[in-house]
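Data first, discussion second: the structure below is written as structure tokens.
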Amino acid sequence: MKVDREGVGFHVRIDGVDDATAPTVVFANSLGTTLHMWDGIIPLLPAGLRIIRYDKRGHGQSDVPAAPYTMGALVSDAAAVCDACDVKDALFVGLSVGGMIAQGLAVKRPDLIRAMVLSNTAAKIGNGPMWQDRIDAVMDKGLGSIADVTMARWFSRDYLMSPDLPASRKMLTDTPAAGYAGVCAAIAGTDFYTPTSGLRIPTLGIAGSEDGATPPDLVRETVDLIPGSQYELMRRVGHLPCVEAPEAYAKILIDFIAATGHMNE
């Protein structure tokens with residue numbers, strides 16, 4: 001389906017039970033990927049869930065407005081997708097910038113989220129000069145110019161030798177440069193340490209032992225801001241564990257769904 005917010009169209013997919021009264025899980029993916037990043041885990045999740053995925057602005061089949069973007073816009077986009085799907089009290093799973101969106105949405109729209117998974121993310125990622133260098137490279141030379149170094153930062157040594165790597169690389173290089181740069185600017189301007197520390201909802205953090213983008217200690221530091229949160233470290237995977245180890249990742253999600261009683265709503 002398509003969802004419009006202020007003239008920007010978003011590509012949204014619903015799997016599982018297409019019923020607003022069903023327990024709902026919303027997924028938000030990382031910079032330089034599409035909703036297909038989650039393809040490996042969707043069939044492994046329990047029957048009876050309504051599963052919502054969407055492409056961020058500037059990514060996949062969503063529209064590409066002019067850069068730069070703000071985190072406030074990305075959070076409002078997520079809220080618009082949720083509202084269009086009549087979401088209430090969802091479990092929100094966000095990876096990397098998707099995890100930043102989760103934090104912002106939990107603060108801005110607590111009616112939408114009853115529990116969240118902060119996967120391979122942080123309250124603050126990198127710094128302004130680092131992101132500006134990335135923006136300049138992409139706008140000058142395209143995504144292909146950063147693809148190899150990004151793959152090395154994203155994935156474990158095992159996956160870098162996998163026949164599946166080219167598909168992940170293509171997902172990155174197919175991303176519009178303006179969309180990628182726009183989201184880079186949003187990340188660069190975000191520091192959620194204070195608002196995230198005020199959250200009081202069930203939260204699970206997931207980190208990859210070989211994540212070069214958001215190392216385990218950074219993920220743990222953010223998750224620890226929320227009292228009562230849980231933390232899982234996945235071994236021999238990098239920044240996109242749902243891609244590298246879908247079965248293990250899905251099991252962690254299923255255990256959290258059960259622990260939060262989300263299937264019983």
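Labels for the structure tokens follow display order: chains A, B, ..., residues from 1 in each chain, ligands from 1.
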Quick one: everything within 9 Å of A:Met71, counting only C-alpha atoms, minus sequence neighbours fewer than 4 positions away in the same chain. Send it as number ranges by chain. A: 75-76, 100-101, 104, 183, 185-187, 189-190
Fewer than 6 positions away in the same chain doesn't count, so skip those; otherwise give me all residues within 12 Å of A:Ala84, counting only C-alpha atoms, as a ChimeraX atom specification. /A:1-5,10-14,20,52,54,77-78,112
Residues at most 9 Å from A:Gly40, counting only C-alpha atoms, excluding those fewer than 4 positions away in the same chain, as a PyMOL selection string? chain A and resi 36+44+242-243+245-247+250
As a ChimeraX atom specification, list the residues of stretch 81-256 of chain A assigned to alpha helix (DSSP H) by DSSP on the backbone atoms of this structure. /A:81-84,97-108,128-141,147-154,157-160,165-173,177-188,193-197,216-223,241-244,246-256
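Look at A:Thr260: the protein and nucleic acid residues within 12 Å of it, using only C-alpha atoms and passing over chain neighbours fewer than 5 places away, are Pro23, Asp89, Ala90, Leu91, Arg114, Ala115, Met116, Val117, Ile201, Pro202, Thr203, Leu204, Ser229, Gln230, Leu253, Ile254, Asp255 and Glu265 of chain A.
Minimum atom-to-atom distances from A:Gly142, A:Asp18, A:Met161, A:Asn120 to A:Cys85 were compared using only C-alpha atoms, and the lowest value belongs to A:Asp18.
Across stretch 76-160 of chain A, DSSP run on the backbone finds strand (DSSP E or B) at Ala90, Leu91, Phe92, Val93, Gly94, Leu95, Ile113, Arg114, Ala115, Met116, Val117, Leu118 and Ser119 of chain A.
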Store the residues picked out above, limited to N, CA, C and O atoms, as a PDB file, in the first residue's frame.
ATOM      1  N   ALA A  90       1.800  -1.246  19.423  1.00  0.00           N
ATOM      2  CA  ALA A  90       2.587  -2.196  18.639  1.00  0.00           C
ATOM      3  C   ALA A  90       3.904  -2.522  19.326  1.00  0.00           C
ATOM      4  O   ALA A  90       4.378  -1.794  20.214  1.00  0.00           O
ATOM      5  N   LEU A  91       4.498  -3.614  18.891  1.00  0.00           N
ATOM      6  CA  LEU A  91       5.904  -3.876  19.161  1.00  0.00           C
ATOM      7  C   LEU A  91       6.670  -3.295  17.988  1.00  0.00           C
ATOM      8  O   LEU A  91       6.420  -3.673  16.834  1.00  0.00           O
ATOM      9  N   PHE A  92       7.577  -2.360  18.248  1.00  0.00           N
ATOM     10  CA  PHE A  92       8.299  -1.663  17.182  1.00  0.00           C
ATOM     11  C   PHE A  92       9.738  -2.156  17.183  1.00  0.00           C
ATOM     12  O   PHE A  92      10.436  -2.069  18.195  1.00  0.00           O
ATOM     13  N   VAL A  93      10.161  -2.693  16.038  1.00  0.00           N
ATOM     14  CA  VAL A  93      11.520  -3.219  15.883  1.00  0.00           C
ATOM     15  C   VAL A  93      12.281  -2.286  14.945  1.00  0.00           C
ATOM     16  O   VAL A  93      11.944  -2.182  13.762  1.00  0.00           O
ATOM     17  N   GLY A  94      13.295  -1.618  15.458  1.00  0.00           N
ATOM     18  CA  GLY A  94      14.068  -0.688  14.647  1.00  0.00           C
ATOM     19  C   GLY A  94      15.539  -1.057  14.636  1.00  0.00           C
ATOM     20  O   GLY A  94      16.126  -1.320  15.685  1.00  0.00           O
ATOM     21  N   LEU A  95      16.133  -1.081  13.444  1.00  0.00           N
ATOM     22  CA  LEU A  95      17.546  -1.418  13.312  1.00  0.00           C
ATOM     23  C   LEU A  95      18.318  -0.212  12.796  1.00  0.00           C
ATOM     24  O   LEU A  95      17.914   0.419  11.822  1.00  0.00           O
ATOM     25  N   ILE A 113       3.349   2.599  20.632  1.00  0.00           N
ATOM     26  CA  ILE A 113       4.349   1.584  20.956  1.00  0.00           C
ATOM     27  C   ILE A 113       4.175   1.106  22.396  1.00  0.00           C
ATOM     28  O   ILE A 113       4.204   1.905  23.328  1.00  0.00           O
ATOM     29  N   ARG A 114       4.019  -0.188  22.573  1.00  0.00           N
ATOM     30  CA  ARG A 114       3.940  -0.761  23.914  1.00  0.00           C
ATOM     31  C   ARG A 114       5.254  -1.432  24.313  1.00  0.00           C
ATOM     32  O   ARG A 114       5.497  -1.682  25.500  1.00  0.00           O
ATOM     33  N   ALA A 115       6.095  -1.780  23.328  1.00  0.00           N
ATOM     34  CA  ALA A 115       7.398  -2.397  23.569  1.00  0.00           C
ATOM     35  C   ALA A 115       8.250  -2.153  22.335  1.00  0.00           C
ATOM     36  O   ALA A 115       7.722  -1.933  21.235  1.00  0.00           O
ATOM     37  N   MET A 116       9.567  -2.174  22.503  1.00  0.00           N
ATOM     38  CA  MET A 116      10.417  -1.934  21.332  1.00  0.00           C
ATOM     39  C   MET A 116      11.690  -2.750  21.388  1.00  0.00           C
ATOM     40  O   MET A 116      12.182  -3.127  22.454  1.00  0.00           O
ATOM     41  N   VAL A 117      12.206  -3.021  20.188  1.00  0.00           N
ATOM     42  CA  VAL A 117      13.491  -3.683  20.020  1.00  0.00           C
ATOM     43  C   VAL A 117      14.436  -2.678  19.370  1.00  0.00           C
ATOM     44  O   VAL A 117      14.154  -2.167  18.278  1.00  0.00           O
ATOM     45  N   LEU A 118      15.531  -2.394  20.054  1.00  0.00           N
ATOM     46  CA  LEU A 118      16.554  -1.483  19.547  1.00  0.00           C
ATOM     47  C   LEU A 118      17.722  -2.333  19.072  1.00  0.00           C
ATOM     48  O   LEU A 118      18.536  -2.798  19.863  1.00  0.00           O
ATOM     49  N   SER A 119      17.760  -2.560  17.773  1.00  0.00           N
ATOM     50  CA  SER A 119      18.739  -3.472  17.186  1.00  0.00           C
ATOM     51  C   SER A 119      19.857  -2.699  16.511  1.00  0.00           C
ATOM     52  O   SER A 119      19.600  -1.836  15.665  1.00  0.00           O
TER      53      SER A 119
END
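Shortest separation to A:Thr34 among A:Asp148, A:Asp164, A:Asp174, A:Asp19 occurs at residue A:Asp174, atoms counted being only C-alpha atoms.
Across the structure, atom CA of A:Pro43 and atom CA of A:Val17 are spaced 12.6 Å apart.
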Atom CA of A:Arg220 sits from atom CA of A:Ala123 at a separation of 10.5 Å
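Comparing A:Ala122, A:Gly182, A:Ser162, A:Ala102 by their smallest distance to A:Met139, the closest is A:Gly182 (using only C-alpha atoms).
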Using only C-alpha atoms, the best pick from A:Leu240, A:Ala80, A:Ala181, A:Ile41 as closest to A:Met151 would be A:Leu240
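Of note, atom CA of A:Leu160 and atom CA of A:Ile146 are spaced 15.3 Å apart.
Between A:Thr214 and the candidates A:Arg50, A:Asp86, A:Thr196, A:Trp154, the tightest atom-to-atom separation, counting only C-alpha atoms, involves A:Trp154.
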Counting only C-alpha atoms, figure out which residue out of A:Leu35, A:Ala137, A:Cys82, A:Ala248 gets nearest to A:Ala177. A:Ala137
Residues within 12 Å of A:Asp217, only C-alpha atoms, excluding chain neighbours under 3 positions, as an MDAnalysis selection string: chainID A and resid 120:122 205:214 220:224 231:233
Shell of 8 Å around A:Ala147, only C-alpha atoms, local chain residues under 3 positions omitted, as a PDB file with all heavy atoms, in the first residue's frame:
ATOM      1  N   LEU A 143      26.773   5.999  -4.561  1.00  0.00           N
ATOM      2  CA  LEU A 143      26.830   4.974  -3.514  1.00  0.00           C
ATOM      3  C   LEU A 143      27.899   3.932  -3.792  1.00  0.00           C
ATOM      4  O   LEU A 143      28.449   3.330  -2.860  1.00  0.00           O
ATOM      5  CB  LEU A 143      25.472   4.296  -3.370  1.00  0.00           C
ATOM      6  CG  LEU A 143      24.466   4.855  -2.354  1.00  0.00           C
ATOM      7  CD1 LEU A 143      24.983   4.750  -0.941  1.00  0.00           C
ATOM      8  CD2 LEU A 143      24.084   6.283  -2.665  1.00  0.00           C
ATOM      9  N   GLY A 144      28.202   3.704  -5.058  1.00  0.00           N
ATOM     10  CA  GLY A 144      29.217   2.711  -5.389  1.00  0.00           C
ATOM     11  C   GLY A 144      30.570   3.034  -4.793  1.00  0.00           C
ATOM     12  O   GLY A 144      31.367   2.127  -4.507  1.00  0.00           O
ATOM     13  N   THR A 150      31.468  -0.019   3.189  1.00  0.00           N
ATOM     14  CA  THR A 150      30.232  -0.209   3.950  1.00  0.00           C
ATOM     15  C   THR A 150      29.979  -1.684   4.212  1.00  0.00           C
ATOM     16  O   THR A 150      29.591  -2.070   5.323  1.00  0.00           O
ATOM     17  CB  THR A 150      29.043   0.413   3.199  1.00  0.00           C
ATOM     18  OG1 THR A 150      29.277   1.818   3.032  1.00  0.00           O
ATOM     19  CG2 THR A 150      27.754   0.215   3.966  1.00  0.00           C
ATOM     20  N   MET A 151      30.192  -2.526   3.218  1.00  0.00           N
ATOM     21  CA  MET A 151      30.002  -3.964   3.419  1.00  0.00           C
ATOM     22  C   MET A 151      30.932  -4.476   4.528  1.00  0.00           C
ATOM     23  O   MET A 151      30.533  -5.291   5.375  1.00  0.00           O
ATOM     24  CB  MET A 151      30.270  -4.730   2.126  1.00  0.00           C
ATOM     25  CG  MET A 151      29.286  -4.470   0.987  1.00  0.00           C
ATOM     26  SD  MET A 151      27.557  -4.900   1.332  1.00  0.00           S
ATOM     27  CE  MET A 151      26.873  -3.272   1.739  1.00  0.00           C
ATOM     28  N   ARG A 169      24.821  -5.793  -1.196  1.00  0.00           N
ATOM     29  CA  ARG A 169      25.548  -4.670  -1.789  1.00  0.00           C
ATOM     30  C   ARG A 169      24.671  -3.918  -2.782  1.00  0.00           C
ATOM     31  O   ARG A 169      24.676  -2.681  -2.827  1.00  0.00           O
ATOM     32  CB  ARG A 169      26.813  -5.180  -2.482  1.00  0.00           C
ATOM     33  CG  ARG A 169      27.788  -4.087  -2.928  1.00  0.00           C
ATOM     34  CD  ARG A 169      28.977  -4.702  -3.660  1.00  0.00           C
ATOM     35  NE  ARG A 169      30.042  -3.738  -3.868  1.00  0.00           N
ATOM     36  CZ  ARG A 169      30.080  -2.845  -4.851  1.00  0.00           C
ATOM     37  NH1 ARG A 169      29.071  -2.794  -5.729  1.00  0.00           N
ATOM     38  NH2 ARG A 169      31.094  -2.007  -4.973  1.00  0.00           N
ATOM     39  N   LEU A 172      22.203  -1.552  -1.218  1.00  0.00           N
ATOM     40  CA  LEU A 172      22.836  -0.278  -0.879  1.00  0.00           C
ATOM     41  C   LEU A 172      23.021   0.598  -2.117  1.00  0.00           C
ATOM     42  O   LEU A 172      22.616   1.768  -2.131  1.00  0.00           O
ATOM     43  CB  LEU A 172      24.191  -0.529  -0.208  1.00  0.00           C
ATOM     44  CG  LEU A 172      25.040   0.721   0.027  1.00  0.00           C
ATOM     45  CD1 LEU A 172      24.429   1.605   1.119  1.00  0.00           C
ATOM     46  CD2 LEU A 172      26.471   0.344   0.400  1.00  0.00           C
ATOM     47  N   THR A 173      23.629   0.029  -3.167  1.00  0.00           N
ATOM     48  CA  THR A 173      23.964   0.861  -4.331  1.00  0.00           C
ATOM     49  C   THR A 173      22.730   1.296  -5.113  1.00  0.00           C
ATOM     50  O   THR A 173      22.788   2.284  -5.856  1.00  0.00           O
ATOM     51  CB  THR A 173      24.936   0.125  -5.267  1.00  0.00           C
ATOM     52  OG1 THR A 173      24.378  -1.131  -5.674  1.00  0.00           O
ATOM     53  CG2 THR A 173      26.271  -0.124  -4.568  1.00  0.00           C
TER      54      THR A 173
END
